[in-house]
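Q: This is structure.cif (mmCIF, N, CA and C atoms and all ligand atoms).
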data_start
#
loop_
_atom_site.label_atom_id
_atom_site.label_comp_id
_atom_site.auth_asym_id
_atom_site.auth_seq_id
_atom_site.Cartn_x
_atom_site.Cartn_y
_atom_site.Cartn_z
N MET A 267 47.50 -59.80 -4.86
CA MET A 267 47.08 -60.87 -3.93
C MET A 267 46.29 -60.30 -2.76
N LYS A 268 45.33 -61.10 -2.28
CA LYS A 268 44.60 -60.71 -1.05
C LYS A 268 44.62 -61.90 -0.10
N GLN A 269 44.19 -61.60 1.16
CA GLN A 269 44.25 -62.66 2.16
C GLN A 269 42.84 -63.06 2.57
N CYS A 270 42.58 -64.35 2.66
CA CYS A 270 41.26 -64.84 3.13
C CYS A 270 41.15 -64.53 4.61
N LYS A 271 40.00 -63.90 5.00
CA LYS A 271 39.79 -63.48 6.40
C LYS A 271 39.72 -64.68 7.34
N TYR A 272 39.32 -65.84 6.78
CA TYR A 272 39.04 -66.98 7.65
C TYR A 272 40.23 -67.92 7.83
N CYS A 273 40.88 -68.22 6.69
CA CYS A 273 41.98 -69.17 6.82
C CYS A 273 43.35 -68.51 6.63
N LYS A 274 43.38 -67.20 6.38
CA LYS A 274 44.61 -66.39 6.23
C LYS A 274 45.45 -66.83 5.04
N GLU A 275 44.85 -67.57 4.12
CA GLU A 275 45.55 -68.02 2.92
C GLU A 275 45.63 -66.88 1.92
N ASN A 276 46.72 -66.75 1.18
CA ASN A 276 46.83 -65.74 0.12
C ASN A 276 46.09 -66.22 -1.12
N ILE A 277 45.25 -65.31 -1.67
CA ILE A 277 44.35 -65.67 -2.78
C ILE A 277 44.56 -64.67 -3.90
N ALA A 278 44.37 -65.11 -5.14
CA ALA A 278 44.46 -64.20 -6.30
C ALA A 278 43.35 -63.16 -6.20
N ASN A 279 43.65 -61.89 -6.60
CA ASN A 279 42.69 -60.77 -6.48
C ASN A 279 41.36 -61.04 -7.17
N GLU A 280 41.37 -61.72 -8.35
CA GLU A 280 40.13 -61.92 -9.11
C GLU A 280 39.36 -63.16 -8.65
N ALA A 281 39.88 -63.92 -7.68
CA ALA A 281 39.20 -65.15 -7.22
C ALA A 281 37.86 -64.81 -6.57
N LYS A 282 36.82 -65.64 -6.87
CA LYS A 282 35.48 -65.42 -6.30
C LYS A 282 35.31 -66.21 -5.01
N LYS A 283 36.21 -67.15 -4.78
CA LYS A 283 36.07 -68.06 -3.66
C LYS A 283 37.45 -68.44 -3.16
N CYS A 284 37.58 -68.66 -1.85
CA CYS A 284 38.86 -69.10 -1.31
C CYS A 284 39.11 -70.54 -1.75
N LYS A 285 40.27 -70.81 -2.32
CA LYS A 285 40.53 -72.17 -2.83
C LYS A 285 40.78 -73.16 -1.70
N VAL A 286 41.06 -72.64 -0.48
CA VAL A 286 41.34 -73.55 0.66
C VAL A 286 40.07 -73.83 1.47
N CYS A 287 39.39 -72.75 1.98
CA CYS A 287 38.24 -72.99 2.86
C CYS A 287 36.90 -72.78 2.16
N GLY A 288 36.91 -72.31 0.91
CA GLY A 288 35.65 -72.17 0.16
C GLY A 288 34.87 -70.92 0.49
N GLU A 289 35.43 -69.98 1.29
CA GLU A 289 34.74 -68.74 1.65
C GLU A 289 34.50 -67.89 0.41
N PRO A 290 33.24 -67.47 0.14
CA PRO A 290 32.98 -66.63 -1.03
C PRO A 290 33.39 -65.18 -0.79
N PHE A 291 33.87 -64.48 -1.88
CA PHE A 291 34.29 -63.07 -1.73
C PHE A 291 33.33 -62.10 -2.40
N TYR A 292 32.21 -62.58 -3.00
CA TYR A 292 31.25 -61.68 -3.66
C TYR A 292 29.94 -61.70 -2.88
N PHE A 293 29.16 -60.62 -3.04
CA PHE A 293 27.98 -60.38 -2.21
C PHE A 293 27.00 -61.56 -2.18
N TRP A 294 26.54 -62.03 -3.39
CA TRP A 294 25.51 -63.08 -3.43
C TRP A 294 26.05 -64.40 -2.90
N GLY A 295 27.36 -64.58 -3.03
CA GLY A 295 27.98 -65.79 -2.47
C GLY A 295 27.81 -65.79 -0.95
N LYS A 296 28.01 -64.59 -0.33
CA LYS A 296 27.84 -64.49 1.13
C LYS A 296 26.38 -64.71 1.53
N VAL A 297 25.45 -64.15 0.69
CA VAL A 297 24.01 -64.32 0.95
C VAL A 297 23.66 -65.80 0.93
N ILE A 298 24.16 -66.50 -0.14
CA ILE A 298 23.86 -67.93 -0.28
C ILE A 298 24.39 -68.71 0.93
N LYS A 299 25.58 -68.30 1.40
CA LYS A 299 26.18 -68.97 2.55
C LYS A 299 25.26 -68.89 3.78
N PHE A 300 24.56 -67.74 3.91
CA PHE A 300 23.71 -67.56 5.10
C PHE A 300 22.27 -68.03 4.91
N THR A 301 21.97 -68.55 3.67
CA THR A 301 20.59 -68.95 3.40
C THR A 301 20.02 -69.95 4.42
N PRO A 302 20.75 -71.02 4.80
CA PRO A 302 20.15 -71.95 5.77
C PRO A 302 19.81 -71.28 7.10
N VAL A 303 20.72 -70.40 7.58
CA VAL A 303 20.47 -69.70 8.85
C VAL A 303 19.24 -68.81 8.71
N MET A 304 19.18 -68.08 7.54
CA MET A 304 18.06 -67.19 7.28
C MET A 304 16.75 -67.97 7.23
N SER A 305 16.80 -69.18 6.60
CA SER A 305 15.59 -70.01 6.49
C SER A 305 15.07 -70.37 7.87
N ILE A 306 16.00 -70.80 8.73
CA ILE A 306 15.59 -71.19 10.09
C ILE A 306 14.98 -69.98 10.80
N PHE A 307 15.64 -68.81 10.63
CA PHE A 307 15.14 -67.59 11.27
C PHE A 307 13.74 -67.23 10.75
N LEU A 308 13.57 -67.30 9.40
CA LEU A 308 12.27 -66.96 8.80
C LEU A 308 11.20 -67.95 9.23
N ALA A 309 11.59 -69.24 9.31
CA ALA A 309 10.61 -70.25 9.75
C ALA A 309 10.16 -69.96 11.18
N ALA A 310 11.14 -69.61 12.04
CA ALA A 310 10.81 -69.30 13.43
C ALA A 310 9.90 -68.07 13.49
N ALA A 311 10.23 -67.06 12.65
CA ALA A 311 9.42 -65.84 12.62
C ALA A 311 8.00 -66.16 12.15
N SER A 312 7.89 -67.05 11.14
CA SER A 312 6.57 -67.42 10.62
C SER A 312 5.74 -68.10 11.70
N ILE A 313 6.40 -69.03 12.43
CA ILE A 313 5.69 -69.75 13.51
C ILE A 313 5.22 -68.75 14.57
N TRP A 314 6.14 -67.83 14.92
CA TRP A 314 5.81 -66.81 15.93
C TRP A 314 4.63 -65.97 15.47
N PHE A 315 4.68 -65.55 14.17
CA PHE A 315 3.61 -64.71 13.61
C PHE A 315 2.29 -65.48 13.59
N ALA A 316 2.35 -66.77 13.20
CA ALA A 316 1.15 -67.59 13.15
C ALA A 316 0.53 -67.71 14.55
N MET A 317 1.42 -67.86 15.58
CA MET A 317 0.93 -67.97 16.95
C MET A 317 0.23 -66.69 17.38
N ILE A 318 0.83 -65.54 17.02
CA ILE A 318 0.20 -64.25 17.36
C ILE A 318 -1.15 -64.14 16.68
N GLN A 319 -1.19 -64.52 15.39
CA GLN A 319 -2.46 -64.46 14.64
C GLN A 319 -3.50 -65.36 15.29
N TYR A 320 -3.05 -66.55 15.73
CA TYR A 320 -3.97 -67.50 16.36
C TYR A 320 -4.54 -66.91 17.64
N GLU A 321 -3.64 -66.28 18.44
CA GLU A 321 -4.10 -65.64 19.68
C GLU A 321 -5.11 -64.54 19.39
N TYR A 322 -4.79 -63.72 18.35
CA TYR A 322 -5.72 -62.64 17.97
C TYR A 322 -7.06 -63.23 17.55
N LYS A 323 -7.00 -64.35 16.84
CA LYS A 323 -8.22 -65.00 16.36
C LYS A 323 -9.06 -65.43 17.56
N ILE A 324 -8.40 -66.06 18.56
CA ILE A 324 -9.12 -66.50 19.76
C ILE A 324 -9.76 -65.30 20.45
N VAL A 325 -8.97 -64.20 20.58
CA VAL A 325 -9.50 -62.99 21.22
C VAL A 325 -10.71 -62.48 20.45
N ALA A 326 -10.59 -62.46 19.09
CA ALA A 326 -11.68 -61.96 18.25
C ALA A 326 -12.92 -62.84 18.39
N VAL A 327 -12.70 -64.18 18.40
CA VAL A 327 -13.83 -65.11 18.53
C VAL A 327 -14.51 -64.92 19.88
N ASN A 328 -13.70 -64.78 20.95
CA ASN A 328 -14.29 -64.57 22.28
C ASN A 328 -15.08 -63.27 22.33
N HIS A 329 -14.51 -62.24 21.69
CA HIS A 329 -15.20 -60.95 21.68
C HIS A 329 -16.54 -61.07 20.94
N ALA A 330 -16.49 -61.77 19.79
CA ALA A 330 -17.73 -61.97 19.01
C ALA A 330 -18.77 -62.71 19.84
N LYS A 331 -18.31 -63.74 20.60
CA LYS A 331 -19.23 -64.50 21.46
C LYS A 331 -19.86 -63.58 22.50
N GLU A 332 -19.02 -62.70 23.10
CA GLU A 332 -19.53 -61.75 24.11
C GLU A 332 -20.58 -60.83 23.50
N VAL A 333 -20.29 -60.35 22.27
CA VAL A 333 -21.23 -59.44 21.60
C VAL A 333 -22.57 -60.15 21.36
N VAL A 334 -22.48 -61.42 20.88
CA VAL A 334 -23.69 -62.20 20.61
C VAL A 334 -24.48 -62.39 21.91
N GLU A 335 -23.76 -62.76 23.00
CA GLU A 335 -24.40 -62.99 24.30
C GLU A 335 -25.07 -61.70 24.78
N GLU A 336 -24.34 -60.58 24.63
CA GLU A 336 -24.87 -59.28 25.06
C GLU A 336 -26.15 -58.94 24.31
N SER A 337 -26.15 -59.17 22.97
CA SER A 337 -27.35 -58.81 22.20
C SER A 337 -28.49 -59.77 22.52
N ARG A 338 -28.15 -61.01 22.89
CA ARG A 338 -29.18 -61.97 23.28
C ARG A 338 -29.86 -61.48 24.57
N ILE A 339 -29.02 -61.01 25.53
CA ILE A 339 -29.56 -60.50 26.80
C ILE A 339 -30.44 -59.27 26.53
N GLN A 340 -29.94 -58.37 25.65
CA GLN A 340 -30.73 -57.17 25.33
C GLN A 340 -32.07 -57.54 24.70
N GLU A 341 -32.03 -58.57 23.84
CA GLU A 341 -33.27 -59.01 23.20
C GLU A 341 -34.24 -59.54 24.25
N GLU A 342 -33.72 -60.33 25.19
CA GLU A 342 -34.56 -60.86 26.27
C GLU A 342 -35.20 -59.73 27.06
N VAL A 343 -34.37 -58.71 27.40
CA VAL A 343 -34.88 -57.56 28.16
C VAL A 343 -35.99 -56.87 27.38
N ALA A 344 -35.75 -56.69 26.06
CA ALA A 344 -36.75 -56.02 25.21
C ALA A 344 -38.06 -56.81 25.18
N VAL A 345 -37.93 -58.15 25.01
CA VAL A 345 -39.13 -59.01 24.97
C VAL A 345 -39.88 -58.91 26.29
N ARG A 346 -39.11 -58.95 27.43
CA ARG A 346 -39.74 -58.87 28.75
C ARG A 346 -40.46 -57.52 28.92
N THR A 347 -39.78 -56.44 28.47
CA THR A 347 -40.38 -55.10 28.59
C THR A 347 -41.69 -55.02 27.81
N ILE A 348 -41.65 -55.57 26.56
CA ILE A 348 -42.86 -55.53 25.73
C ILE A 348 -43.99 -56.32 26.40
N LYS A 349 -43.64 -57.51 26.96
CA LYS A 349 -44.65 -58.33 27.64
C LYS A 349 -45.24 -57.59 28.83
N GLU A 350 -44.34 -56.90 29.60
CA GLU A 350 -44.82 -56.14 30.76
C GLU A 350 -45.76 -55.02 30.33
N MET A 351 -45.37 -54.34 29.22
CA MET A 351 -46.21 -53.26 28.72
C MET A 351 -47.56 -53.79 28.28
N GLN A 352 -47.54 -54.96 27.59
CA GLN A 352 -48.79 -55.56 27.12
C GLN A 352 -49.68 -55.93 28.29
N SER A 353 -49.07 -56.53 29.35
CA SER A 353 -49.90 -56.95 30.49
C SER A 353 -50.41 -55.73 31.23
N SER A 354 -49.58 -54.65 31.28
CA SER A 354 -50.04 -53.43 31.94
C SER A 354 -51.17 -52.78 31.13
N ASN A 355 -51.08 -52.85 29.78
CA ASN A 355 -52.18 -52.36 28.94
C ASN A 355 -53.45 -53.17 29.17
N ALA A 356 -53.26 -54.50 29.28
CA ALA A 356 -54.41 -55.38 29.51
C ALA A 356 -55.06 -55.03 30.85
N ARG A 357 -54.20 -54.73 31.86
CA ARG A 357 -54.72 -54.37 33.18
C ARG A 357 -55.51 -53.07 33.12
N THR A 358 -54.96 -52.10 32.36
CA THR A 358 -55.65 -50.81 32.21
C THR A 358 -57.01 -51.01 31.54
N GLU A 359 -57.01 -51.88 30.49
CA GLU A 359 -58.29 -52.15 29.79
C GLU A 359 -59.31 -52.77 30.74
N GLU A 360 -58.81 -53.74 31.54
CA GLU A 360 -59.69 -54.44 32.49
C GLU A 360 -60.25 -53.42 33.50
N LEU A 361 -59.37 -52.51 33.98
CA LEU A 361 -59.82 -51.49 34.94
C LEU A 361 -60.85 -50.56 34.30
N LYS A 362 -60.64 -50.19 33.03
CA LYS A 362 -61.60 -49.33 32.32
C LYS A 362 -62.97 -50.01 32.25
N ARG A 363 -62.92 -51.31 31.94
CA ARG A 363 -64.16 -52.09 31.82
C ARG A 363 -64.90 -52.08 33.16
N ARG A 364 -64.10 -52.35 34.25
CA ARG A 364 -64.72 -52.41 35.58
C ARG A 364 -65.20 -51.02 36.01
N TYR A 365 -64.47 -50.00 35.61
CA TYR A 365 -64.87 -48.62 35.94
C TYR A 365 -66.24 -48.33 35.34
N ASP A 366 -66.40 -48.76 34.05
CA ASP A 366 -67.68 -48.51 33.37
C ASP A 366 -68.82 -49.28 34.03
N ILE A 367 -68.53 -50.49 34.53
CA ILE A 367 -69.59 -51.31 35.13
C ILE A 367 -69.95 -50.78 36.53
N ASN A 368 -68.92 -50.68 37.40
CA ASN A 368 -69.23 -50.24 38.76
C ASN A 368 -67.98 -49.62 39.40
N ARG A 369 -67.87 -48.30 39.30
CA ARG A 369 -66.62 -47.68 39.73
C ARG A 369 -66.46 -47.65 41.25
N GLU A 370 -67.56 -47.45 42.03
CA GLU A 370 -67.44 -47.38 43.49
C GLU A 370 -66.91 -48.69 44.07
N THR A 371 -67.55 -49.80 43.62
CA THR A 371 -67.16 -51.12 44.15
C THR A 371 -65.70 -51.41 43.79
N THR A 372 -65.32 -51.12 42.55
CA THR A 372 -63.96 -51.41 42.10
C THR A 372 -62.93 -50.62 42.92
N LEU A 373 -63.17 -49.33 43.09
CA LEU A 373 -62.24 -48.50 43.85
C LEU A 373 -62.17 -48.98 45.31
N TYR A 374 -63.33 -49.32 45.85
CA TYR A 374 -63.39 -49.80 47.23
C TYR A 374 -62.56 -51.09 47.36
N GLU A 375 -62.78 -52.00 46.42
CA GLU A 375 -62.04 -53.28 46.42
C GLU A 375 -60.53 -53.05 46.36
N LEU A 376 -60.14 -52.13 45.48
CA LEU A 376 -58.70 -51.85 45.31
C LEU A 376 -58.12 -51.27 46.60
N GLU A 377 -58.86 -50.37 47.23
CA GLU A 377 -58.36 -49.75 48.46
C GLU A 377 -58.30 -50.76 49.61
N GLN A 378 -59.27 -51.68 49.63
CA GLN A 378 -59.24 -52.78 50.62
C GLN A 378 -57.98 -53.62 50.43
N LYS A 379 -57.72 -53.91 49.15
CA LYS A 379 -56.57 -54.74 48.79
C LYS A 379 -55.26 -54.07 49.22
N LEU A 380 -55.18 -52.75 49.04
CA LEU A 380 -53.97 -52.02 49.41
C LEU A 380 -53.82 -51.96 50.93
N GLU A 381 -54.95 -51.89 51.63
CA GLU A 381 -54.91 -51.87 53.09
C GLU A 381 -54.36 -53.19 53.64
N GLU A 382 -54.80 -54.29 52.99
CA GLU A 382 -54.32 -55.62 53.41
C GLU A 382 -52.83 -55.78 53.12
N ASN A 383 -52.41 -55.21 52.00
CA ASN A 383 -51.00 -55.37 51.60
C ASN A 383 -50.47 -54.04 51.06
N PRO A 384 -50.02 -53.14 51.98
CA PRO A 384 -49.62 -51.78 51.56
C PRO A 384 -48.39 -51.75 50.65
N ASP A 385 -47.61 -52.86 50.61
CA ASP A 385 -46.41 -52.86 49.77
C ASP A 385 -46.69 -53.30 48.33
N ASN A 386 -47.95 -53.62 48.04
CA ASN A 386 -48.27 -54.10 46.69
C ASN A 386 -48.29 -52.94 45.70
N LEU A 387 -47.21 -52.86 44.93
CA LEU A 387 -47.07 -51.75 43.96
C LEU A 387 -48.12 -51.83 42.86
N ARG A 388 -48.48 -53.07 42.49
CA ARG A 388 -49.44 -53.27 41.41
C ARG A 388 -50.79 -52.65 41.80
N THR A 389 -51.23 -52.92 43.03
CA THR A 389 -52.50 -52.35 43.51
C THR A 389 -52.42 -50.83 43.54
N ARG A 390 -51.29 -50.34 44.04
CA ARG A 390 -51.05 -48.89 44.08
C ARG A 390 -51.19 -48.27 42.68
N GLN A 391 -50.55 -48.94 41.70
CA GLN A 391 -50.62 -48.47 40.30
C GLN A 391 -52.06 -48.50 39.80
N GLU A 392 -52.76 -49.60 40.15
CA GLU A 392 -54.14 -49.74 39.68
C GLU A 392 -55.02 -48.63 40.23
N ILE A 393 -54.79 -48.26 41.49
CA ILE A 393 -55.57 -47.17 42.09
C ILE A 393 -55.27 -45.86 41.37
N LEU A 394 -53.97 -45.65 41.07
CA LEU A 394 -53.59 -44.42 40.33
C LEU A 394 -54.28 -44.37 38.96
N ILE A 395 -54.25 -45.53 38.25
CA ILE A 395 -54.90 -45.60 36.93
C ILE A 395 -56.40 -45.30 37.08
N PHE A 396 -56.98 -45.90 38.13
CA PHE A 396 -58.41 -45.74 38.37
C PHE A 396 -58.75 -44.27 38.63
N LYS A 397 -57.89 -43.62 39.45
CA LYS A 397 -58.15 -42.21 39.76
C LYS A 397 -57.97 -41.32 38.53
N SER A 398 -57.00 -41.68 37.67
CA SER A 398 -56.81 -40.89 36.45
C SER A 398 -58.01 -41.09 35.52
N LEU A 399 -58.58 -42.32 35.52
CA LEU A 399 -59.81 -42.56 34.74
C LEU A 399 -60.92 -41.66 35.25
N GLU A 400 -61.01 -41.56 36.58
CA GLU A 400 -62.03 -40.72 37.22
C GLU A 400 -61.86 -39.26 36.75
N ASN A 401 -60.60 -38.79 36.74
CA ASN A 401 -60.31 -37.42 36.28
C ASN A 401 -60.71 -37.23 34.82
N ASP A 402 -60.36 -38.26 33.97
CA ASP A 402 -60.71 -38.19 32.55
C ASP A 402 -62.22 -38.05 32.37
N LYS A 403 -62.97 -38.88 33.12
CA LYS A 403 -64.43 -38.89 32.97
C LYS A 403 -65.00 -37.55 33.44
N ALA A 404 -64.43 -37.03 34.54
CA ALA A 404 -64.91 -35.74 35.08
C ALA A 404 -64.68 -34.64 34.04
N ARG A 405 -63.49 -34.66 33.39
CA ARG A 405 -63.17 -33.66 32.36
C ARG A 405 -64.15 -33.77 31.19
N GLU A 406 -64.42 -35.03 30.79
CA GLU A 406 -65.38 -35.27 29.69
C GLU A 406 -66.75 -34.68 30.03
N ARG A 407 -67.19 -34.93 31.29
CA ARG A 407 -68.51 -34.43 31.72
C ARG A 407 -68.53 -32.90 31.68
N ARG A 408 -67.41 -32.29 32.16
CA ARG A 408 -67.34 -30.84 32.18
C ARG A 408 -67.43 -30.27 30.75
N LEU A 409 -66.69 -30.92 29.82
CA LEU A 409 -66.69 -30.46 28.42
C LEU A 409 -68.07 -30.57 27.80
N ARG A 410 -68.76 -31.69 28.15
CA ARG A 410 -70.08 -31.94 27.55
C ARG A 410 -71.11 -30.90 28.06
N SER A 411 -70.97 -30.51 29.34
CA SER A 411 -71.97 -29.64 29.95
C SER A 411 -71.80 -28.19 29.51
N ARG A 412 -70.71 -27.87 28.80
CA ARG A 412 -70.50 -26.48 28.36
C ARG A 412 -71.45 -26.07 27.25
ZN ZN B 501 39.98 -69.31 3.06
#
Would you put the structure from the file into structure tokens?
Ligand SMILES: [Zn+2]
A:
Amino acid sequence: MKQCKYCKENIANEAKKCKVCGEPFYFWGKVIKFTPVMSIFLAAASIWFAMIQYEYKIVAVNHAKEVVEESRIQEEVAVRTIKEMQSSNARTEELKRRYDINRETTLYELEQKLEENPDNLRTRQEILIFKSLENDKARERRLRSR
């Protein structure tokens, strides 16, 4: 004979279940007894896990949005840089053209312009370009006269 832990009733040794309170004495019987509790626990764990996944998803989506925004800004900067380079090339071409037509007048005009507005970086740059053109032409003349 053995004693049921729950109701203290004496039970036959080979019994699988307490005849009074229904307590199971074999492993799977105990597992089955706890199945509803386990289900609730697993359901809660699933909900918790789903919430974590959802949060991760939001974080990932926000990160992806930031990456897209960042690359959009970089693209804008690149487009602006290319446009600036193109306009600066156009300016250089225009200066070359004017240099070929009348270099004294052009240089004089540029220096007048800088005197009126000494903070104008564009005029300053144009004068530098103009002077480098002058150097290029002088070098060409020197090479030709050799
Ligand atoms: Zn019992």
Q: To one decimal place in Å, what is the distance between atom N of A:Val325 and atom CA of A:Ser312?
A: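 Atom CA of A:Ser312 lies at a distance of 18.7 Å from atom N of A:Val325.
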Q: With distances taken over only C-alpha atoms, which residue among A:Ala316, A:Ile395, A:Ile306, A:Ala311 lies nearest A:Ser354?
A: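 Among the listed residues, A:Ile395 lies closest to A:Ser354.
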Q: One decimal, Å: what's the distance from atom C of A:Asn279 over to atom CA of A:Tyr292, could you say?
A: 10.7 Å
Q: Name the residues, by chain letter and number, that sit within 8 Å of ligand ZN 501 (chain B) using only C-alpha atoms and all ligand atoms, and give them as a list of chain:residue names.
A: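 So, counting only C-alpha atoms and all ligand atoms, the residues near ligand ZN 501 (chain B) are A:Gln269, A:Cys270, A:Lys271, A:Tyr272, A:Cys273, A:Lys274, A:Glu275, A:Lys283, A:Cys284, A:Lys285, A:Val286, A:Cys287, A:Gly288, A:Glu289.
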Q: What is the atom CA of A:Glu400 to atom CA of A:Glu375 distance in Å?
A: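 Atom CA of A:Glu375 lies at a distance of 15.6 Å from atom CA of A:Glu400.
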Q: Measuring atom to atom with only C-alpha atoms, identify which of A:Leu387, A:Ile324, A:Val333, A:Ile393 is nearest to A:Tyr374.
A: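 When distances to A:Tyr374 are compared using only C-alpha atoms, the smallest one comes from A:Ile393.
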Q: Take every atom of stretch 382-386 of chain A listed in the file, fit an axis-aligned box around them, add 4 Å per side, and give the centre and edge lengths in Å to one decimal as lines of an AutoDock Vina configuration file.
A:
center_x = -50.6
center_y = -53.8
center_z = 49.6
size_x = 16.4
size_y = 12.0
size_z = 15.7
Q: Of the residues A:Leu373, A:Met351, A:Ala309, A:Val345, which is the one nearest to A:Lys397, using all atoms listed in the file?
A: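 Comparing A:Leu373, A:Met351, A:Ala309, A:Val345 against A:Lys397, the winner is A:Leu373.
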Q: When DSSP works through the backbone of this structure, what residues of chain A end up as strand (DSSP E), shown as JSON, numbers by chain?
A: {"A": [268, 269, 276, 277]}
